[in-house]
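Dropping model_2.txt in here (compact mmCIF, C-alpha atoms):
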```txt
# COMPACT_ATOMS: atom_id res chain seq x y z
CA MET F 1 -34.64 45.79 46.21
CA ALA F 2 -38.10 47.33 46.00
CA ILE F 3 -36.89 49.76 43.36
CA SER F 4 -35.47 46.89 41.31
CA LEU F 5 -38.70 44.91 41.54
CA GLY F 6 -40.70 47.99 40.60
CA ALA F 7 -38.47 48.66 37.61
CA LEU F 8 -38.75 45.02 36.54
CA PHE F 9 -42.53 45.20 36.92
CA VAL F 10 -42.73 48.26 34.68
CA VAL F 11 -40.25 47.01 32.07
CA ASN F 12 -41.96 43.62 31.86
CA GLY F 13 -45.41 45.12 31.44
CA LEU F 14 -44.49 47.84 28.96
CA ASN F 15 -44.88 46.52 25.43
CA LYS F 16 -45.17 48.11 22.01
CA ILE F 17 -47.72 47.14 19.37
CA PRO F 18 -45.96 47.78 16.05
CA ALA F 19 -47.24 50.34 13.56
CA ASP F 20 -45.15 49.21 10.57
CA PRO F 21 -46.74 47.09 9.30
CA ILE F 22 -49.97 48.10 10.99
CA HIS F 23 -51.03 45.89 13.89
CA LYS F 24 -53.64 45.90 16.61
CA GLY F 25 -53.57 44.00 19.87
CA LEU F 26 -56.37 41.93 21.35
CA LEU F 27 -56.18 42.02 25.14
CA THR F 28 -56.13 38.78 27.14
CA PHE F 29 -56.84 38.38 30.85
CA LEU F 30 -55.74 35.18 32.57
CA GLY F 31 -55.29 33.68 29.12
CA ARG F 32 -58.80 34.51 27.96
CA ARG F 33 -59.34 36.82 24.98
CA GLN F 34 -61.24 39.99 25.80
CA GLU F 35 -63.28 42.27 23.56
CA VAL F 36 -60.71 45.01 24.01
CA VAL F 37 -58.71 46.17 20.99
CA LEU F 38 -55.45 48.04 21.53
CA LYS F 39 -54.02 50.42 18.96
CA GLU F 40 -50.40 50.56 17.87
CA GLY F 41 -47.91 52.13 20.22
CA TRP F 42 -46.83 51.53 23.82
CA ASN F 43 -49.24 49.78 26.17
CA PHE F 44 -48.88 48.54 29.73
CA PHE F 45 -49.76 44.94 30.66
CA PRO F 46 -49.40 44.32 34.43
CA LEU F 47 -47.89 40.94 35.38
CA ARG F 48 -47.53 39.94 31.73
CA PRO F 49 -47.97 37.20 30.60
CA PHE F 50 -49.67 35.60 33.63
CA VAL F 51 -52.44 38.14 34.18
CA PHE F 52 -52.59 40.54 31.25
CA ASP F 53 -51.21 39.94 27.76
CA PHE F 54 -52.14 40.57 24.12
CA ILE F 55 -52.44 38.84 20.76
CA LEU F 56 -50.94 40.67 17.80
CA ILE F 57 -53.17 40.97 14.70
CA LYS F 58 -51.72 42.41 11.51
CA THR F 59 -54.36 44.76 10.13
CA GLU F 60 -52.94 45.89 6.79
CA LYS F 61 -54.94 45.21 3.61
CA VAL F 62 -54.91 41.67 2.29
CA SER F 63 -55.30 41.12 -1.46
CA ASP F 64 -56.28 37.62 -2.51
CA GLU F 65 -56.38 36.43 -6.11
CA ILE F 66 -59.00 33.71 -6.42
CA PRO F 67 -57.53 30.88 -8.55
CA ARG F 68 -58.81 30.51 -12.10
CA GLN F 69 -61.93 28.38 -12.12
CA GLU F 70 -63.42 26.43 -15.00
CA VAL F 71 -67.21 26.02 -15.09
CA ARG F 72 -69.77 25.01 -17.69
CA THR F 73 -72.78 26.97 -18.87
CA PRO F 74 -76.12 25.21 -19.50
CA ASP F 75 -75.09 24.58 -23.13
CA ARG F 76 -72.03 22.72 -21.74
CA ALA F 77 -69.56 25.33 -22.94
CA LEU F 78 -66.40 25.76 -20.88
CA VAL F 79 -66.03 29.17 -19.22
CA THR F 80 -63.06 30.31 -17.14
CA MET F 81 -63.29 33.04 -14.53
CA THR F 82 -60.85 34.76 -12.19
CA SER F 83 -61.61 37.23 -9.43
CA SER F 84 -59.89 39.03 -6.57
CA VAL F 85 -60.88 40.40 -3.18
CA THR F 86 -59.21 42.92 -0.85
CA TRP F 87 -60.00 43.13 2.86
CA THR F 88 -58.66 44.05 6.28
CA PRO F 89 -59.07 42.18 9.58
CA GLY F 90 -61.68 43.56 11.97
CA ILE F 91 -64.64 45.89 11.65
CA ALA F 92 -64.52 49.48 12.90
CA GLU F 93 -66.13 50.01 16.29
CA GLU F 94 -66.77 46.27 16.68
CA PRO F 95 -64.13 44.74 19.00
CA SER F 96 -65.85 41.34 18.84
CA SER F 97 -65.02 41.18 15.12
CA TYR F 98 -61.36 40.55 15.96
CA LEU F 99 -62.39 37.57 18.06
CA MET F 100 -64.43 36.24 15.14
CA TYR F 101 -61.49 36.80 12.80
CA LEU F 102 -59.24 34.70 15.00
CA ASN F 103 -61.98 32.06 15.39
CA CYS F 104 -62.08 31.76 11.57
CA GLY F 105 -58.38 30.98 11.52
CA GLY F 106 -56.91 34.41 10.91
CA GLU F 107 -55.68 35.35 7.43
CA VAL F 108 -55.21 31.78 6.23
CA GLY F 109 -58.60 30.62 7.44
CA VAL F 110 -60.52 33.63 6.10
CA LYS F 111 -58.88 33.25 2.67
CA LYS F 112 -59.91 29.60 2.56
CA ILE F 113 -63.51 30.35 3.55
CA MET F 114 -63.89 33.17 1.03
CA ARG F 115 -62.40 31.13 -1.79
CA ASN F 116 -64.80 28.29 -1.07
CA VAL F 117 -67.78 30.68 -1.08
CA ILE F 118 -66.75 32.40 -4.31
CA GLU F 119 -65.80 29.22 -6.16
CA ASP F 120 -69.05 27.51 -5.16
CA ARG F 121 -71.09 30.55 -6.21
CA ILE F 122 -69.32 30.77 -9.57
CA LYS F 123 -70.36 27.19 -10.30
CA THR F 124 -73.94 27.93 -9.25
CA TRP F 125 -74.07 31.13 -11.30
CA ALA F 126 -72.71 29.51 -14.45
CA SER F 127 -75.20 26.64 -14.39
CA SER F 128 -78.16 28.59 -12.98
CA ASN F 129 -81.29 28.99 -15.07
CA LYS F 130 -82.19 32.03 -13.02
CA GLU F 131 -79.31 34.45 -12.48
CA GLY F 132 -76.74 32.87 -14.78
CA PRO F 133 -76.21 32.74 -18.54
CA ALA F 134 -78.23 30.50 -20.84
CA ASN F 135 -75.22 29.86 -23.07
CA TRP F 136 -71.59 30.80 -23.59
CA GLU F 137 -72.42 33.88 -25.66
CA GLU F 138 -74.61 35.27 -22.89
CA ALA F 139 -71.92 34.43 -20.32
CA GLN F 140 -69.59 36.88 -22.02
CA SER F 141 -72.21 39.63 -22.10
CA LEU F 142 -73.33 39.10 -18.48
CA ARG F 143 -70.00 39.84 -16.79
CA ASP F 144 -71.52 42.78 -14.90
CA SER F 145 -74.36 40.58 -13.76
CA ALA F 146 -71.91 37.92 -12.60
CA HIS F 147 -70.05 40.53 -10.60
CA ALA F 148 -73.24 41.65 -8.84
CA VAL F 149 -74.37 38.09 -8.09
CA LEU F 150 -70.97 37.02 -6.72
CA ALA F 151 -70.68 40.18 -4.62
CA LYS F 152 -74.04 39.39 -3.05
CA ALA F 153 -72.92 35.82 -2.34
CA LEU F 154 -69.71 37.08 -0.74
CA LEU F 155 -71.32 39.78 1.39
CA GLY F 156 -74.57 37.96 2.22
CA THR F 157 -76.95 40.02 4.35
CA VAL F 158 -74.51 42.94 4.35
CA LEU F 159 -76.11 43.75 0.99
CA PRO F 160 -79.83 43.88 1.87
CA ASP F 161 -82.39 42.18 -0.35
CA VAL F 162 -84.37 44.35 -2.74
CA THR F 163 -87.91 44.62 -1.40
CA VAL F 164 -91.28 45.66 -2.81
CA LYS F 165 -94.22 46.45 -0.52
CA GLY F 166 -92.15 45.38 2.46
CA LYS F 167 -91.35 41.92 1.07
CA ARG F 168 -88.45 40.50 -0.87
CA SER F 169 -89.02 41.14 -4.57
CA PRO F 170 -90.08 38.00 -6.48
CA ILE F 171 -88.19 39.41 -9.45
CA PRO F 172 -84.39 38.84 -9.23
CA THR F 173 -82.26 41.88 -8.52
CA SER F 174 -80.20 41.15 -11.63
CA THR F 175 -83.37 41.46 -13.74
CA TRP F 176 -84.32 44.76 -12.10
CA MET F 177 -80.80 46.05 -12.71
CA ARG F 178 -81.05 45.26 -16.43
CA PHE F 179 -84.48 46.89 -16.50
CA PHE F 180 -83.19 50.11 -14.88
CA ASP F 181 -79.95 50.26 -16.86
CA LYS F 182 -79.33 53.50 -18.74
CA PRO F 183 -79.40 52.89 -21.62
CA GLN F 184 -81.70 49.98 -20.88
CA SER F 185 -80.11 46.54 -21.34
CA GLU F 186 -81.79 43.88 -23.43
CA PRO F 187 -83.56 41.06 -21.56
CA ALA F 188 -81.45 37.99 -20.89
CA VAL F 189 -82.62 34.54 -21.95
CA TYR F 190 -83.89 33.91 -18.42
CA ASP F 191 -85.96 37.11 -18.57
CA ILE F 192 -87.45 36.11 -21.92
CA LYS F 193 -88.66 32.82 -20.44
CA HIS F 194 -91.02 34.85 -18.25
CA SER F 195 -93.73 36.13 -20.54
CA GLU F 196 -95.15 38.20 -17.70
CA TRP F 197 -91.96 40.29 -17.74
CA VAL F 198 -90.85 40.21 -21.35
CA SER F 199 -92.83 40.40 -24.56
CA LYS F 200 -91.72 40.13 -28.17
CA ASP F 201 -92.26 42.58 -31.00
CA PRO F 202 -93.68 41.34 -34.33
CA ASP F 203 -90.10 41.13 -35.59
CA GLY F 204 -89.21 38.82 -32.68
CA LYS F 205 -87.19 41.34 -30.68
CA ALA F 206 -87.68 41.08 -26.89
CA ASN F 207 -88.93 44.10 -24.96
CA TRP F 208 -89.65 44.96 -21.32
CA ASP F 209 -93.36 45.76 -21.79
CA GLY F 210 -94.45 43.12 -19.25
CA LEU F 211 -92.11 44.25 -16.50
CA MET F 212 -92.93 47.86 -17.25
CA ALA F 213 -96.61 47.08 -16.67
CA ILE F 214 -95.75 45.44 -13.34
CA PHE F 215 -93.63 48.43 -12.35
CA ASN F 216 -96.31 50.92 -13.36
CA ALA F 217 -98.81 49.11 -11.15
CA TYR F 218 -96.81 50.14 -8.08
CA SER F 219 -97.60 53.35 -6.26
CA ASP F 220 -95.36 56.35 -6.83
CA ALA F 221 -93.77 55.84 -3.41
CA GLU F 222 -93.10 52.14 -4.14
CA LYS F 223 -91.59 53.00 -7.53
CA GLU F 224 -89.31 55.57 -5.96
CA GLU F 225 -88.23 53.21 -3.21
CA LEU F 226 -87.51 50.38 -5.66
CA GLU F 227 -85.42 52.62 -7.89
CA LYS F 228 -83.49 53.87 -4.85
CA GLN F 229 -82.71 50.30 -3.79
CA ILE F 230 -81.48 49.34 -7.25
CA GLU F 231 -79.38 52.48 -7.50
CA LYS F 232 -77.95 51.77 -4.03
CA ARG F 233 -77.03 48.23 -5.08
CA ARG F 234 -75.47 49.55 -8.28
CA GLN F 235 -73.39 52.07 -6.29
CA ASP F 236 -72.34 49.39 -3.79
CA ILE F 237 -71.10 47.17 -6.62
CA LYS F 238 -69.29 50.14 -8.19
CA ASN F 239 -67.55 50.91 -4.89
CA LEU F 240 -66.51 47.29 -4.60
CA ARG F 241 -65.01 47.35 -8.07
CA GLU F 242 -63.12 50.57 -7.42
CA GLY F 243 -61.83 49.50 -4.01
CA THR F 244 -63.60 52.28 -2.09
CA ALA F 245 -66.06 50.07 -0.22
CA ASN F 246 -66.05 49.35 3.52
CA PHE F 247 -68.39 46.42 4.06
CA GLY F 248 -68.10 44.79 7.45
CA HIS F 249 -68.51 41.00 7.25
CA PRO F 250 -69.57 39.92 10.79
CA SER F 251 -69.31 36.18 10.22
CA LEU F 252 -65.68 36.49 9.12
CA GLY F 253 -64.71 39.46 11.26
CA ILE F 254 -63.27 41.44 8.35
CA THR F 255 -63.98 44.56 6.31
CA ILE F 256 -64.17 44.00 2.55
CA HIS F 257 -62.93 46.88 0.40
CA GLN F 258 -62.79 45.49 -3.11
CA PHE F 259 -64.13 42.61 -5.16
CA THR F 260 -63.68 42.32 -8.91
CA VAL F 261 -64.30 39.76 -11.62
CA ASN F 262 -61.04 40.11 -13.51
CA GLU F 263 -61.62 37.71 -16.37
CA LEU F 264 -64.49 35.81 -17.91
CA MET F 265 -63.51 33.85 -21.00
CA VAL F 266 -64.88 31.02 -23.09
CA GLY F 267 -62.50 28.13 -23.60
CA GLY F 268 -62.22 24.77 -25.33
CA SER F 269 -63.75 23.89 -28.69
CA VAL F 270 -66.39 26.62 -28.31
CA ALA F 271 -63.69 29.29 -28.15
CA GLU F 272 -61.99 27.83 -31.23
CA ALA F 273 -65.28 27.82 -33.13
CA ALA F 274 -66.02 31.37 -32.00
CA ASP F 275 -62.58 32.55 -33.13
CA LYS F 276 -63.06 30.87 -36.50
CA ALA F 277 -66.50 32.41 -36.95
CA GLU F 278 -65.13 35.84 -36.00
CA LYS F 279 -62.29 35.47 -38.50
CA GLU F 280 -64.75 34.53 -41.24
CA ARG F 281 -66.96 37.53 -40.38
CA ASN F 282 -63.96 39.84 -40.54
CA GLU F 283 -62.91 38.42 -43.91
CA GLN F 284 -66.43 38.83 -45.27
CA GLU F 285 -66.58 42.42 -44.05
CA ALA F 286 -63.19 43.10 -45.65
CA ASP F 287 -64.42 41.64 -48.97
CA ILE F 288 -67.56 43.76 -48.83
CA THR F 289 -65.52 46.89 -48.08
CA GLU F 290 -63.11 46.12 -50.92
CA LEU F 291 -65.98 45.54 -53.33
CA LYS F 292 -67.59 48.84 -52.34
CA ASN F 293 -64.30 50.72 -52.79
CA VAL F 294 -63.81 49.24 -56.25
CA SER F 295 -67.41 49.99 -57.20
CA ASP F 296 -67.06 53.59 -55.98
CA ARG F 297 -63.82 54.01 -57.98
CA ILE F 298 -65.49 52.70 -61.16
CA ALA F 299 -68.40 55.07 -60.68
CA GLU F 300 -65.94 57.94 -60.18
CA LEU F 301 -64.07 57.11 -63.39
CA ARG F 302 -67.25 56.90 -65.45
CA GLU F 303 -68.46 60.18 -63.98
CA ARG F 304 -65.25 61.90 -65.04
CA HIS F 305 -65.02 60.09 -68.38
CA LYS F 306 -68.50 59.81 -69.87
CA GLU F 307 -67.26 57.82 -72.87
CA MET F 308 -65.69 55.08 -70.73
CA SER F 309 -67.53 51.74 -70.65
CA ILE F 310 -67.98 49.68 -67.52
CA GLU F 311 -65.53 47.08 -68.85
CA GLU F 312 -62.87 49.72 -69.46
CA ALA F 313 -63.37 51.19 -66.00
CA ILE F 314 -63.07 47.75 -64.41
CA ARG F 315 -59.86 47.09 -66.35
CA LEU F 316 -58.37 50.39 -65.20
CA VAL F 317 -59.33 49.87 -61.58
CA GLN F 318 -57.98 46.34 -61.62
CA THR F 319 -54.76 47.65 -63.13
CA GLU F 320 -54.52 50.30 -60.40
CA ARG F 321 -54.95 47.60 -57.77
CA GLY F 322 -52.23 45.49 -59.36
CA LYS F 323 -54.70 42.78 -60.27
CA VAL F 324 -54.12 43.18 -64.02
CA ASN F 325 -50.91 43.83 -65.96
CA LYS F 326 -51.01 47.12 -67.87
CA SER F 327 -49.99 45.37 -71.10
CA VAL F 328 -53.12 43.23 -71.07
CA ILE F 329 -55.68 44.57 -73.53
CA GLU F 330 -58.57 42.21 -72.82
CA VAL F 331 -60.76 42.92 -69.81
CA ILE F 332 -59.50 40.51 -67.22
CA GLY F 333 -62.03 39.76 -64.52
CA ALA F 334 -65.05 41.34 -66.20
CA SER F 335 -66.73 37.97 -66.60
CA THR F 336 -65.33 36.18 -63.56
CA GLY F 337 -63.97 36.91 -60.11
CA LEU F 338 -64.11 40.34 -58.48
CA GLY F 339 -64.68 42.09 -61.83
CA LYS F 340 -67.89 40.13 -62.33
CA ASP F 341 -69.07 41.03 -58.81
CA VAL F 342 -68.25 44.70 -59.33
CA LEU F 343 -69.93 44.76 -62.71
CA ALA F 344 -73.07 43.18 -61.27
CA ALA F 345 -73.05 45.52 -58.28
CA PHE F 346 -72.58 48.56 -60.48
CA LYS F 347 -75.37 47.54 -62.91
CA GLN F 348 -77.67 46.85 -59.95
CA GLY F 349 -76.87 50.31 -58.57
CA LYS F 350 -77.78 51.84 -61.91
```
Starting from the coordinates I provided, produce the structure as structure tokens.
Amino acid sequence: MAISLGALFVVNGLNKIPADPIHKGLLTFLGRRQEVVLKEGWNFFPLRPFVFDFILIKTEKVSDEIPRQEVRTPDRALVTMTSSVTWTPGIAEEPSSYLMYLNCGGEVGVKKIMRNVIEDRIKTWASSNKEGPANWEEAQSLRDSAHAVLAKALLGTVLPDVTVKGKRSPIPTSTWMRFFDKPQSEPAVYDIKHSEWVSKDPDGKANWDGLMAIFNAYSDAEKEELEKQIEKRRQDIKNLREGTANFGHPSLGITIHQFTVNELMVGGSVAEAADKAEKERNEQEADITELKNVSDRIAELRERHKEMSIEEAIRLVQTERGKVNKSVIEVIGASTGLGKDVLAAFKQGK
């Protein structure tokens, strides 16, 4: 009898935490969760489930695609953005993080919280007159900046603030990052609004002379420290993009490995107008290229045949291009159309 009870005691208490997929177990004592994390494999839980037990937590990577979100820039243009984040439950060497993870609702709850944070921050970024774009054109060019701003919103204090002289820098990190870019990025519209940072050349082009003067006023040690902080932030964002990061998020009880802005596109009537303008620019560039090719061919013919007139060269080139039938004797197009343009361009070049 004693042997049977002993065997039952052992069999009942011996339990396996699965390794495929990867799990961890959070120990419970008298129904209360403990800050004790058990690895995969066989574990013994005396008098389970009344005294000791465990809660299974799947700890494989979770990839979450944030739904496409439509926001408006200050010029009321419609911009769509998608992003994704990859994370695992728990933080290394922090057993309490698994408790926090469960308190947040596990995988479902953490996904909901992160989506709310990211979606809210996207709206703020798009309409912001500080970190965000001034218009739809700048929104497209500030994708890297959007990524950095959203990463900071997602990670919070995990990414420390950039400081100068022991205090948080009054100049936004996104501005410093543009300033320290190699090659240096042009000032954004928000930067230009601050004449103490950005000046304009006589031709109207913005430059960083103001911010450079502020930076040069720092001591060598302060300059070095500031550059190190910006480079650290840049590397952190790079690691997040590439999926090599390991940022513990205490308030969610997870470790974030990757965050990317997958798409940032302009939509609605603005996109249609932009596409139309781009098509017109391409057509104009094609016309200019064609005109130059024709002009070069005429010049080549006249160089090889000194006695040939401009009109004759135009007729020959137009014939080569299939614009004029070979049987036509009169110069077609010398007074109108492309021939007129070529003739004028050639005479101007002379």
Enumerate, in order of chain and increasing residue number, the residues of segment 196-270 of chain F with an atom no farther than 8 Å from segment 171-190 of chain F, each with its shortest atom pair and distance in Å to one decimal, counting all atoms listed in the file, as a Markdown table.
```
| residue | atom | partner | partner_atom | distance |
| --- | --- | --- | --- | --- |
| F:Val198 | CA | F:Pro187 | CA | 7.3 |
| F:Ala206 | CA | F:Pro187 | CA | 6.7 |
| F:Asn207 | CA | F:Pro187 | CA | 7.0 |
| F:Trp208 | CA | F:Pro187 | CA | 7.2 |
| F:Glu227 | CA | F:Phe180 | CA | 7.8 |
| F:Ile230 | CA | F:Met177 | CA | 6.4 |
| F:Arg234 | CA | F:Met177 | CA | 7.8 |
```
**Request:** Could you give me, as a list in words, the residues that sit within 12 Å of (-90.2, 40.2, -8.7) in the file's coordinates, counting all atoms listed in the file?
**Result:** Asp161, Val162, Thr163, Val164, Lys165, Lys167, Arg168, Ser169, Pro170, Ile171, Pro172, Thr173, Ser174, Thr175, Trp176, Met177, Phe179, Asp191, His194, Glu196, Trp197, Gly210, Leu211, Met212, Ile214, Phe215, Tyr218 and Leu226 of chain F
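Atom to atom, atom CA of Lys193 of chain F and atom CA of Glu222 of chain F stand 25.7 Å apart.
Using all atoms listed in the file, the smallest distance between any of F:Asn116, F:Gln34, F:Gln229, F:Ser63 and Gln258 of chain F comes from F:Ser63.
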**Two-atom distance - atom CA of Gly105 of chain F, atom CA of Glu93 of chain F (Å)** = 21.1 Å
**Asked** Mind pulling up the distance from atom CA of Pro89 of chain F to atom CA of Lys16 of chain F?
**Response** 19.6 Å
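Within the 9 Å cut-off around Leu159 of chain F, using all atoms listed in the file and omitting residues fewer than 5 positions from it on the same chain, the listed residues are Ala151, Lys152, Arg233, Asp236 and Phe247 of chain F.
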Keeping C-alpha atoms for every residue in the selection just given, could you write it to a file as a JSON list (two decimals), keeping the file's coordinate frame?
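Done, and the output landed in result11.json:
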```
[["chain", "number", "residue", "atom", "x", "y", "z"],
["F", 151, "ALA", "CA", -70.68, 40.18, -4.62],
["F", 152, "LYS", "CA", -74.04, 39.39, -3.05],
["F", 233, "ARG", "CA", -77.03, 48.23, -5.08],
["F", 236, "ASP", "CA", -72.34, 49.39, -3.79],
["F", 247, "PHE", "CA", -68.39, 46.42, 4.06]]
```
As lines of an AutoDock Vina configuration file, please: the centre and edge lengths in Å, to one decimal, of an axis-aligned box enclosing every listed atom of segment 196-211 of chain F with 6 Å added on each side.
```
center_x = -91.2
center_y = 42.0
center_z = -26.0
size_x = 20.0
size_y = 19.6
size_z = 31.1
```
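The residue set within 12 Å of Ala92 of chain F, counting only C-alpha atoms and dropping same-chain residues fewer than 5 places from it, reads Val37, Thr59, Ser97, Tyr98, Asn246, Phe247, Gly248, His249, Pro250, Gly253, Ile254, Thr255 and Ile256 of chain F.
With all atoms listed in the file as the basis for measurement, F:Ser251 is the residue among F:Asn239, F:Ser251, F:Thr124, F:Thr88 that approaches Gly156 of chain F most closely.
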**Request:** Show which residues sit within 7 Å of Phe45 of chain F, as a PyMOL selection string. Count all atoms listed in the file, and ignore same-chain residues fewer than 5 positions away.
**Result:** chain F and resi 13-14+52-53
What would the file look like if the residues just selected were written as a compact mmCIF listing (two decimals), in the frame of the given file with C-alpha atoms?
```txt
# COMPACT_ATOMS: atom_id res chain seq x y z
CA GLY F 13 -45.41 45.12 31.44
CA LEU F 14 -44.49 47.84 28.96
CA PHE F 52 -52.59 40.54 31.25
CA ASP F 53 -51.21 39.94 27.76
```
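Around Arg32 of chain F, within 12 Å and counting all atoms listed in the file, the residues found are Leu26, Pro49, Phe50, Val51, Phe52, Asp53, Phe54, Ile55 and Leu99 of chain F, once anything fewer than 6 positions away on its own chain is removed.
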**Message:** Which residues are close to Ala153 of chain F, i.e. within 8 Å by all atoms listed in the file, leaving aside same-chain residues fewer than 2 positions away? Reply as a ChimeraX atom specification.
**Reply:** /F:117-118,121,149-151,155-156
Please output segment 200-222 of chain F, rebuilt to include N, CA and C atoms, as a PDB file, in the coordinates of the input.
```
ATOM      1  N   LYS F 200     -92.486  40.064 -26.928  1.00  0.00           N
ATOM      2  CA  LYS F 200     -91.720  40.130 -28.170  1.00  0.00           C
ATOM      3  C   LYS F 200     -92.461  40.949 -29.213  1.00  0.00           C
ATOM      4  N   ASP F 201     -91.697  41.792 -29.905  1.00  0.00           N
ATOM      5  CA  ASP F 201     -92.260  42.580 -31.000  1.00  0.00           C
ATOM      6  C   ASP F 201     -92.603  41.659 -32.158  1.00  0.00           C
ATOM      7  N   PRO F 202     -93.374  42.150 -33.151  1.00  0.00           N
ATOM      8  CA  PRO F 202     -93.680  41.340 -34.330  1.00  0.00           C
ATOM      9  C   PRO F 202     -92.433  40.815 -35.041  1.00  0.00           C
ATOM     10  N   ASP F 203     -91.337  41.576 -34.946  1.00  0.00           N
ATOM     11  CA  ASP F 203     -90.100  41.130 -35.590  1.00  0.00           C
ATOM     12  C   ASP F 203     -89.307  40.154 -34.725  1.00  0.00           C
ATOM     13  N   GLY F 204     -89.861  39.795 -33.556  1.00  0.00           N
ATOM     14  CA  GLY F 204     -89.210  38.820 -32.680  1.00  0.00           C
ATOM     15  C   GLY F 204     -88.268  39.408 -31.653  1.00  0.00           C
ATOM     16  N   LYS F 205     -88.079  40.721 -31.633  1.00  0.00           N
ATOM     17  CA  LYS F 205     -87.190  41.340 -30.680  1.00  0.00           C
ATOM     18  C   LYS F 205     -87.860  41.456 -29.311  1.00  0.00           C
ATOM     19  N   ALA F 206     -87.127  41.060 -28.250  1.00  0.00           N
ATOM     20  CA  ALA F 206     -87.680  41.080 -26.890  1.00  0.00           C
ATOM     21  C   ALA F 206     -87.757  42.505 -26.362  1.00  0.00           C
ATOM     22  N   ASN F 207     -88.791  42.790 -25.599  1.00  0.00           N
ATOM     23  CA  ASN F 207     -88.930  44.100 -24.960  1.00  0.00           C
ATOM     24  C   ASN F 207     -89.389  43.915 -23.512  1.00  0.00           C
ATOM     25  N   TRP F 208     -89.337  45.008 -22.745  1.00  0.00           N
ATOM     26  CA  TRP F 208     -89.650  44.960 -21.320  1.00  0.00           C
ATOM     27  C   TRP F 208     -91.092  45.385 -21.032  1.00  0.00           C
ATOM     28  N   ASP F 209     -91.991  45.265 -21.983  1.00  0.00           N
ATOM     29  CA  ASP F 209     -93.360  45.760 -21.790  1.00  0.00           C
ATOM     30  C   ASP F 209     -94.032  45.118 -20.572  1.00  0.00           C
ATOM     31  N   GLY F 210     -93.817  43.816 -20.378  1.00  0.00           N
ATOM     32  CA  GLY F 210     -94.450  43.120 -19.250  1.00  0.00           C
ATOM     33  C   GLY F 210     -93.969  43.640 -17.913  1.00  0.00           C
ATOM     34  N   LEU F 211     -92.649  43.768 -17.761  1.00  0.00           N
ATOM     35  CA  LEU F 211     -92.110  44.250 -16.500  1.00  0.00           C
ATOM     36  C   LEU F 211     -92.449  45.721 -16.285  1.00  0.00           C
ATOM     37  N   MET F 212     -92.532  46.460 -17.369  1.00  0.00           N
ATOM     38  CA  MET F 212     -92.930  47.860 -17.250  1.00  0.00           C
ATOM     39  C   MET F 212     -94.354  47.968 -16.726  1.00  0.00           C
ATOM     40  N   ALA F 213     -95.232  47.072 -17.167  1.00  0.00           N
ATOM     41  CA  ALA F 213     -96.610  47.080 -16.670  1.00  0.00           C
ATOM     42  C   ALA F 213     -96.654  46.744 -15.184  1.00  0.00           C
ATOM     43  N   ILE F 214     -95.814  45.792 -14.756  1.00  0.00           N
ATOM     44  CA  ILE F 214     -95.750  45.440 -13.340  1.00  0.00           C
ATOM     45  C   ILE F 214     -95.248  46.642 -12.536  1.00  0.00           C
ATOM     46  N   PHE F 215     -94.208  47.279 -13.033  1.00  0.00           N
ATOM     47  CA  PHE F 215     -93.630  48.430 -12.350  1.00  0.00           C
ATOM     48  C   PHE F 215     -94.628  49.583 -12.258  1.00  0.00           C
ATOM     49  N   ASN F 216     -95.346  49.817 -13.339  1.00  0.00           N
ATOM     50  CA  ASN F 216     -96.310  50.920 -13.360  1.00  0.00           C
ATOM     51  C   ASN F 216     -97.501  50.684 -12.430  1.00  0.00           C
ATOM     52  N   ALA F 217     -97.709  49.418 -12.062  1.00  0.00           N
ATOM     53  CA  ALA F 217     -98.810  49.110 -11.150  1.00  0.00           C
ATOM     54  C   ALA F 217     -98.477  49.474  -9.701  1.00  0.00           C
ATOM     55  N   TYR F 218     -97.198  49.725  -9.417  1.00  0.00           N
ATOM     56  CA  TYR F 218     -96.810  50.140  -8.080  1.00  0.00           C
ATOM     57  C   TYR F 218     -97.198  51.594  -7.842  1.00  0.00           C
ATOM     58  N   SER F 219     -97.330  51.954  -6.590  1.00  0.00           N
ATOM     59  CA  SER F 219     -97.600  53.350  -6.260  1.00  0.00           C
ATOM     60  C   SER F 219     -96.344  54.176  -6.521  1.00  0.00           C
ATOM     61  N   ASP F 220     -96.501  55.474  -6.579  1.00  0.00           N
ATOM     62  CA  ASP F 220     -95.360  56.350  -6.830  1.00  0.00           C
ATOM     63  C   ASP F 220     -94.282  56.171  -5.755  1.00  0.00           C
ATOM     64  N   ALA F 221     -94.725  56.018  -4.512  1.00  0.00           N
ATOM     65  CA  ALA F 221     -93.770  55.840  -3.410  1.00  0.00           C
ATOM     66  C   ALA F 221     -93.017  54.508  -3.554  1.00  0.00           C
ATOM     67  N   GLU F 222     -93.730  53.447  -3.963  1.00  0.00           N
ATOM     68  CA  GLU F 222     -93.100  52.140  -4.140  1.00  0.00           C
ATOM     69  C   GLU F 222     -92.121  52.162  -5.317  1.00  0.00           C
TER      70      GLU F 222
END
```
